[in-house]
Amino acid sequence: VAPGIAIDKSAPARAEVDQQFAYSIKVSSTSSVPANNVVVTDTLPAGIVYVASTPKADASGQTLSWKLGTMAPSSSKNITVQVKGTKTGKFTNCAEVKADQGLSARDCADTVIVKAELLLEKACPDAVLICEAINYTLTVTNKGDAAANNVKIVDTLPAGVTADGNDAGRFEIRLDPAVDNYVLRVSAGADRPLFPTITIDPTYLFPDALRILVPRVTPVRYVGFVEACASDDSCD
């Protein structure tokens, strides 16, 4: 009865660039007699780098080898190889086992290495008036073949531009048909008027509300004071 040897190699179908993954190698003695001087060799393709293995490999460049010695009849041994892909593409990795009496076997596995590729585009008007709202549009596109996780955008505004994400400078006045005049005073705090008092005649406005956007010249908190005046009264 002659000895026999077999090898089976498996790998994940897909992994991301710089993500660690594992090759699994199973070597089997397939006969009722032992296989002697069993040696496994695995040459990693370019773009795949060795990290570690169990049992530890003898590494020479991209070539890994394990001396398994004598394998008992109908026995098997497992090897796990941790690697990383450094570039995208399809990578075929083959492992080979050899033993005395000219025994040999070979098996291969494929892994596709993918990568997320983010593109950020920013658009804004060419010119605006001082104190006019500026609309910035940020568009993020993933042009790669892997998902991009925990994406975060940081936008640092230049000097002279302030963000007003909470609409702190926006006021809405609900109109009362019994009131003939409204006076709006806007300040940045006590005794700090931002512009002169505005007297508003409701007959020239929309029937239900007046909406005023106060220019955000400096990053301050605006406070709106609204007074209603009867037709025979005056607002000081």
# chains A, B, ... in the order shown; residues from 1 in each chain; ligands from 1
>>> residues_around(residues="Ser28 (chain A)", least_positions_apart="2", cutoff="12 Å", atoms="only C-alpha atoms", output="PyMOL selection string")
chain A and resi 3-9+25-26+30-32+34-35+38-40+68+70-79+97-99+103-106
>>> residues_around(residues="Asn93 (chain A)", least_positions_apart="2", cutoff="8 Å", atoms="only C-alpha atoms", output="count of residues only")
9
>>> closest_residue(among="A:Thr41, A:Ala15, A:Ser24, A:Gly47", to="Ser60 (chain A)", atoms="only C-alpha atoms")
A:Thr41
>>> residues_around(residues="Val151 (chain A)", least_positions_apart="3", cutoff="10 Å", atoms="only C-alpha atoms", output="list in words")
Leu118, Val140 and Ala148 of chain A
>>> atom_distance(atom1="CA of Gln101 (chain A)", atom2="CA of Pro55 (chain A)")
24.9 Å
>>> residues_around(residues="Glu117 (chain A)", least_positions_apart="5", cutoff="6 Å", atoms="only C-alpha atoms", output="PDB file with N, CA, C and O atoms, in the first residue's frame")
ATOM      1  N   ASN A 142     -18.563  57.985  -3.256  1.00  0.00           N
ATOM      2  CA  ASN A 142     -17.667  56.840  -3.099  1.00  0.00           C
ATOM      3  C   ASN A 142     -17.483  56.202  -4.474  1.00  0.00           C
ATOM      4  O   ASN A 142     -18.362  55.531  -4.991  1.00  0.00           O
ATOM      5  N   LYS A 143     -16.309  56.423  -5.074  1.00  0.00           N
ATOM      6  CA  LYS A 143     -16.031  55.904  -6.406  1.00  0.00           C
ATOM      7  C   LYS A 143     -15.355  54.539  -6.365  1.00  0.00           C
ATOM      8  O   LYS A 143     -15.032  53.973  -7.415  1.00  0.00           O
ATOM      9  N   GLY A 144     -15.148  54.026  -5.164  1.00  0.00           N
ATOM     10  CA  GLY A 144     -14.482  52.734  -5.031  1.00  0.00           C
ATOM     11  C   GLY A 144     -15.462  51.582  -5.118  1.00  0.00           C
ATOM     12  O   GLY A 144     -16.645  51.745  -5.399  1.00  0.00           O
TER      13      GLY A 144
END
>>> residues_around(residues="Val114 (chain A)", least_positions_apart="2", cutoff="6 Å", atoms="only C-alpha atoms", output="CSV table (one decimal) with N, CA and C atoms, in the first residue's frame")
chain,number,residue,atom,x,y,z
A,16,GLU,N,-10.9,44.0,2.1
A,16,GLU,CA,-10.5,45.4,1.7
A,16,GLU,C,-9.0,45.6,1.8
A,17,VAL,N,-8.6,46.6,1.1
A,17,VAL,CA,-7.2,47.0,1.2
A,17,VAL,C,-6.7,47.2,2.6
A,88,THR,N,-5.8,46.9,-4.9
A,88,THR,CA,-7.0,46.2,-5.3
A,88,THR,C,-6.7,45.2,-6.5
A,145,ASP,N,-15.0,50.4,-4.8
A,145,ASP,CA,-15.8,49.2,-4.9
A,145,ASP,C,-16.0,48.5,-3.5
A,146,ALA,N,-15.7,49.3,-2.4
A,146,ALA,CA,-16.0,48.9,-1.1
A,146,ALA,C,-16.7,50.0,-0.3
>>> atom_distance(atom1="CA of Ala57 (chain A)", atom2="CA of Val33 (chain A)")
26.5 Å
